[in-house]
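Notes follow once the structure below has been shown.
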Amino acid sequence: MKLYNTLSRSIEDFKPIDENLVKIYTCGPTVYNYAHIGNLRTYIHEDVLEKTLRYIGYNVKRVMNITDVGHLESDADEGEDKMLKGAKRENKTVWEIAQHYTDAFFSDIEKLNVKKADVVAKATDYINDYIKFIQVLEEKGYTYIANGNVYFDVTKAKDYTKLSGMDLDQLRIASRDDVSVDVHKKSPQDFVLWFTKSKFENQAMKWDSPWGVGYPGWHIECSVISLKNLGEQMDIHCGGVDHIPVHHTNEIAQTESYTGKPWVKYWWHGEFLIDNDGKMSKSSGEFLTLSLLEKKGFNPLSYRYFVLNSHYRKQLAFSFDSLASAENAYFKFKNRVKNIKDNADEDTANVKLSLAVEEYKEEFKCCLEDDLNTANAITILFEMLKAENLNNNEKIKLVEDFDSVLSLDLLKEDTEEKNVHDEMAEYIEEMIQKRQEAKKNKNYQLADAIRDELLEKGIMLEDTRQGVNWKKIN
């Protein structure tokens with residue numbers, strides 16, 4: 001298997017530290033609001049990474065944090081306390097906010113068929129561990145106290161910028177132009193390990209510590225939670241590309257200073273989902289959540305299909321038109337699989353599989369092993385469904401096998417048809433088949449007539465390399 005490693009800035013052969021267990025850490029949500037679909041894109045690709053590793057034979061242990069501690073607006077030490085902001089917005093306690101949005105997050109990923117991490121760790125459960133971690137850094141001379149807060153001195157960290165490849169002056173220290181740098185720092189890049197002095201009034205989440213009553217800094221939880229659950233070294237650390245210059249850079253600095261060892265072998269980062277205004281976020285434009293997509297009539301797995309048709313290291317442009325097109329293609333897949341299943345033998349347990357089955361499995365696996373090329377993996381699935389050298393039983397076996405990674409519920413029959421997938425769907429598919437036959441027989445006049453007839457009914461056809469998609473246009 002080959003994976004792109006942000007640390008080396010190259011695609012590398014994946015070789016785990018221990019062949020018996022692949023250790024993965026994924027940055028989890030800050031539970032002060034709903035996850036937007038840009039966040040969820042990263043979790044979908046991380047899910048495929050984990051399922052691919054399991055598919056090719058590895059045992060995997062994945063750990064994910066839940067940031068339920070009052071934190072700041074950005075990776076910098078400034079901004080707003082997200083948990084307090086959410087509590088004020090909804091007239092709830094910070095603890096109620098944390099639980100509500102934690103539940104909402106897990107509801108979203110369940111709808112997207114994203115496997116829950118083997119270990120889910122709430123940040124607030126590790127307060128004593130953060131304190132012990134900071135004390136070790138303090139003993140080793142990596143910290144200083146200024147204005148009552150404990151800071152990490154980045155000038156004492158070895159190769160501080162090795163992940164980002166940026167000079168210290170280039171590193172982002174704040175998320176907004178109107179944020180001022182803490183004047184008590186020795187260097188703008190130094191970061192807080194423990195706060196006792198806060199600009200926030202009535203800070204709700206506070207704990208006793210050797211440095212006074214306060215709360216942990218932004219970066220410490222991921223380091224400590226991973227050390228407690230995965231040990232001093234791990235194979236893969238996942239997250240979004242926006243975490244590279246600050247959050248993940250600071251994680252490396254404090255963790256490797258603590259252990260004296262290289263920490264993560266492969267750094268895996270997913271690119272942004274973008275809209276017309278650029279990077280998708282909770283603060284710009286329409287706040288796009290999975291529940292909003294559902295309210296607009298979309299199936300959550302149509303969004304998963306949309307995401308899997310792009311590479312995780314490429315920015316993906318989102319629009320409702322593109323999602324509608326993906327949903328049409330997804331349900332076309334489902335309809336094709338259903339037809340094959342309906343025409344397969346009832347007893348598939350003792351079906352003798354041909355060599356072609358193994359060849360398709362190998363092609364599918366090779367796509368996944370090629371830095372998680374899910375788009376090509378879906379193409380292999382489509383070609384397999386059309387293959388004349390496979391019988392229906394073999395195709396169903398392969399769909400089941402492929403879907404253990406893609407997780408698109410291709411064999412699950414839907415109880416409801418949504419929007420464009422109504423009673424006309426079967427008629428439209430029949431007309432598409434007639435049009436394909438007409439084109440095959442070079443009867444282009446009939447093919448054009450079928451297209452025009454569908455267009456009059458408000459159905460537009462789109463010829464793609466994966467076949468013919470359709471969507472309603474009025």
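Chain labels run A, B, ... following the order of the structure tokens; each chain numbers its residues from 1, and ligands are numbered from 1 in the order shown.
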Please report, as a ChimeraX atom specification, each residue of region 278-386 of chain A to which DSSP assigns strand (DSSP E or B) when run on this structure's backbone. /A:278-279,289,316-317,370
Can you list, as a ChimeraX atom specification, all residues belonging to region 79-315 of chain A that DSSP tags as alpha helix (DSSP H)? /A:82-90,94-111,127-139,220-230,249-259,290-295,300-308
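Using only C-alpha atoms for every distance, the candidate list A:Ala157, A:Ile396, A:Leu163, A:Ala329 yields A:Leu163 as the residue closest to Val241 (chain A).
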For the contact check between region 43-69 of chain A and region 228-234 of chain A, emit one row per residue of region 43-69 of chain A within 12 Å, containing the shortest atom pair and the distance in Å rounded to one decimal, counting only C-alpha atoms, chain then rising number order, as a Markdown table.
| residue | atom | partner | partner_atom | distance |
| --- | --- | --- | --- | --- |
| A:Val60 | CA | A:Leu230 | CA | 11.1 |
| A:Lys61 | CA | A:Leu230 | CA | 8.1 |
| A:Arg62 | CA | A:Leu230 | CA | 8.6 |
| A:Val63 | CA | A:Asn229 | CA | 7.3 |
| A:Met64 | CA | A:Asn229 | CA | 9.9 |
| A:Asn65 | CA | A:Asn229 | CA | 10.7 |
Please produce a file of those selected residues containing C-alpha atoms, as an mmCIF file, in the first residue's frame.
data_model
loop_
_atom_site.group_PDB
_atom_site.id
_atom_site.type_symbol
_atom_site.label_atom_id
_atom_site.label_comp_id
_atom_site.auth_asym_id
_atom_site.auth_seq_id
_atom_site.Cartn_x
_atom_site.Cartn_y
_atom_site.Cartn_z
ATOM 1 C CA VAL A 60 -6.253 -1.632 13.279
ATOM 2 C CA LYS A 61 -6.758 0.368 16.449
ATOM 3 C CA ARG A 62 -8.092 3.867 15.866
ATOM 4 C CA VAL A 63 -8.445 6.502 18.548
ATOM 5 C CA MET A 64 -10.395 9.751 18.231
ATOM 6 C CA ASN A 65 -10.791 12.627 20.670
#
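The list of residues with at least one atom within 9 Å of Phe195 (chain A), based on only C-alpha atoms and without residues fewer than 3 positions apart in the same chain, reads Gly148, Asn149, Val150, Tyr151, Val192, Ser198, Trp211, Gly212, Val213, Gly214, Tyr215, Pro216 and Gly217 of chain A.
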Generate the output file for the selected residues, C-alpha atoms, as a PDB file, in the first residue's frame.
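Printed below is selection-v2.pdb as written:
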ATOM      1  CA  GLY A 148       0.016  33.128  34.984  1.00  0.00           C
ATOM      2  CA  ASN A 149      -0.135  30.873  31.899  1.00  0.00           C
ATOM      3  CA  VAL A 150       2.210  27.979  31.081  1.00  0.00           C
ATOM      4  CA  TYR A 151       3.730  28.305  27.604  1.00  0.00           C
ATOM      5  CA  VAL A 192      -0.278  27.731  25.851  1.00  0.00           C
ATOM      6  CA  SER A 198      -8.223  34.145  30.637  1.00  0.00           C
ATOM      7  CA  TRP A 211      -0.178  26.624  38.353  1.00  0.00           C
ATOM      8  CA  GLY A 212      -3.584  27.699  39.566  1.00  0.00           C
ATOM      9  CA  VAL A 213      -7.222  27.132  38.610  1.00  0.00           C
ATOM     10  CA  GLY A 214      -7.561  27.031  34.859  1.00  0.00           C
ATOM     11  CA  TYR A 215      -7.942  24.812  31.790  1.00  0.00           C
ATOM     12  CA  PRO A 216      -5.724  23.108  29.191  1.00  0.00           C
ATOM     13  CA  GLY A 217      -4.486  24.683  25.977  1.00  0.00           C
TER      14      GLY A 217
END
Applying 9 Å and only C-alpha atoms, which residues near Lys338 (chain A) remain after dropping the ones on its own chain fewer than 5 positions away? List them as an mmCIF file with N, CA and C atoms, in the first residue's frame.
data_model
loop_
_atom_site.group_PDB
_atom_site.id
_atom_site.type_symbol
_atom_site.label_atom_id
_atom_site.label_comp_id
_atom_site.auth_asym_id
_atom_site.auth_seq_id
_atom_site.Cartn_x
_atom_site.Cartn_y
_atom_site.Cartn_z
ATOM 1 N N PHE A 333 -26.560 3.069 -9.604
ATOM 2 C CA PHE A 333 -25.787 1.936 -9.114
ATOM 3 C C PHE A 333 -26.679 0.986 -8.321
ATOM 4 N N ASN A 343 -31.941 -11.326 -10.153
ATOM 5 C CA ASN A 343 -31.750 -12.374 -11.157
ATOM 6 C C ASN A 343 -30.652 -13.366 -10.781
ATOM 7 N N LEU A 410 -24.947 -0.877 -0.977
ATOM 8 C CA LEU A 410 -25.363 -1.203 -2.340
ATOM 9 C C LEU A 410 -26.318 -2.382 -2.397
ATOM 10 N N LEU A 411 -26.275 -3.249 -1.411
ATOM 11 C CA LEU A 411 -27.162 -4.411 -1.405
ATOM 12 C C LEU A 411 -28.388 -4.210 -0.526
ATOM 13 N N LYS A 412 -28.451 -3.071 0.122
ATOM 14 C CA LYS A 412 -29.577 -2.793 1.011
ATOM 15 C C LYS A 412 -30.708 -2.164 0.214
ATOM 16 N N GLU A 413 -31.903 -2.733 0.343
ATOM 17 C CA GLU A 413 -33.048 -2.204 -0.376
ATOM 18 C C GLU A 413 -33.673 -1.068 0.420
#
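The smallest atom-to-atom distance between Ser319 (chain A) and any of A:Ala375, A:Ile37, A:Leu3, A:Met431, using only C-alpha atoms, is found for A:Ile37.
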Considering only C-alpha atoms, state which residue in the set A:Asn393, A:Asn443, A:Ser310, A:Thr161 is at the smallest distance from Thr374 (chain A). A:Ser310
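Candidate residues A:Glu358, A:Asp371, A:Glu383, A:Glu394 were compared for distance to Asp345 (chain A), and the nearest is A:Glu394, using only C-alpha atoms.
Ranking A:Ser302, A:Thr124, A:Gln135, A:Thr249 by their shortest atom-to-atom distance to Leu168 (chain A), with only C-alpha atoms included, puts A:Thr249 first.
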Neighbour list for Gly141 (chain A) as an MDAnalysis selection string, cut-off 10 Å, only C-alpha atoms, skip fewer than 6 positions in-chain: chainID A and resid 135 152:153 156 257
Closest of A:Asn147, A:Leu227, A:Ile56, A:Ala344 to Lys197 (chain A) - atom-to-atom distances counting only C-alpha atoms: A:Asn147
List the neighbours of region 5-9 of chain A out to 10 Å using only C-alpha atoms; skip same-chain residues closer than 3 positions along the sequence, and give me the result as a PDB file with C-alpha atoms, in the first residue's frame.
ATOM      1  CA  LYS A   2       1.162   3.516  -0.816  1.00  0.00           C
ATOM      2  CA  GLU A  12       5.594   6.225   0.457  1.00  0.00           C
ATOM      3  CA  ASP A  13       5.203   2.486   0.819  1.00  0.00           C
ATOM      4  CA  PHE A  14       3.165   1.901   3.949  1.00  0.00           C
ATOM      5  CA  LYS A 162       9.439  19.926   9.834  1.00  0.00           C
ATOM      6  CA  LEU A 163       5.780  19.104   9.174  1.00  0.00           C
ATOM      7  CA  SER A 164       4.778  22.403   7.591  1.00  0.00           C
ATOM      8  CA  GLY A 165       8.097  23.104   5.861  1.00  0.00           C
ATOM      9  CA  ILE A 236      -0.838   7.312  11.187  1.00  0.00           C
ATOM     10  CA  VAL A 241      -4.865  20.250   5.968  1.00  0.00           C
ATOM     11  CA  ILE A 244      -0.738  21.269   9.502  1.00  0.00           C
ATOM     12  CA  VAL A 264       4.137   9.618  14.096  1.00  0.00           C
ATOM     13  CA  LYS A 265       5.428   7.701  11.079  1.00  0.00           C
ATOM     14  CA  TYR A 266       2.819   8.877   8.537  1.00  0.00           C
ATOM     15  CA  TRP A 267       0.910  12.160   8.638  1.00  0.00           C
ATOM     16  CA  TRP A 268      -2.326  11.922   6.620  1.00  0.00           C
ATOM     17  CA  HIS A 269      -4.262  15.088   5.701  1.00  0.00           C
ATOM     18  CA  ASP A 371      -3.072   6.282  -2.023  1.00  0.00           C
TER      19      ASP A 371
END
Determine, counting only C-alpha atoms, which protein, DNA and RNA residues have an atom within 10 Å of an atom of Ile450 (chain A); residues of the same chain fewer than 2 positions away are not included. Present the result as a list in words. Met431, Ile432, Lys434, Arg435, Gln436, Ala438, Tyr444, Gln445, Leu446, Ala447, Asp448, Asp452, Glu453, Leu454, Leu455 and Glu456 of chain A
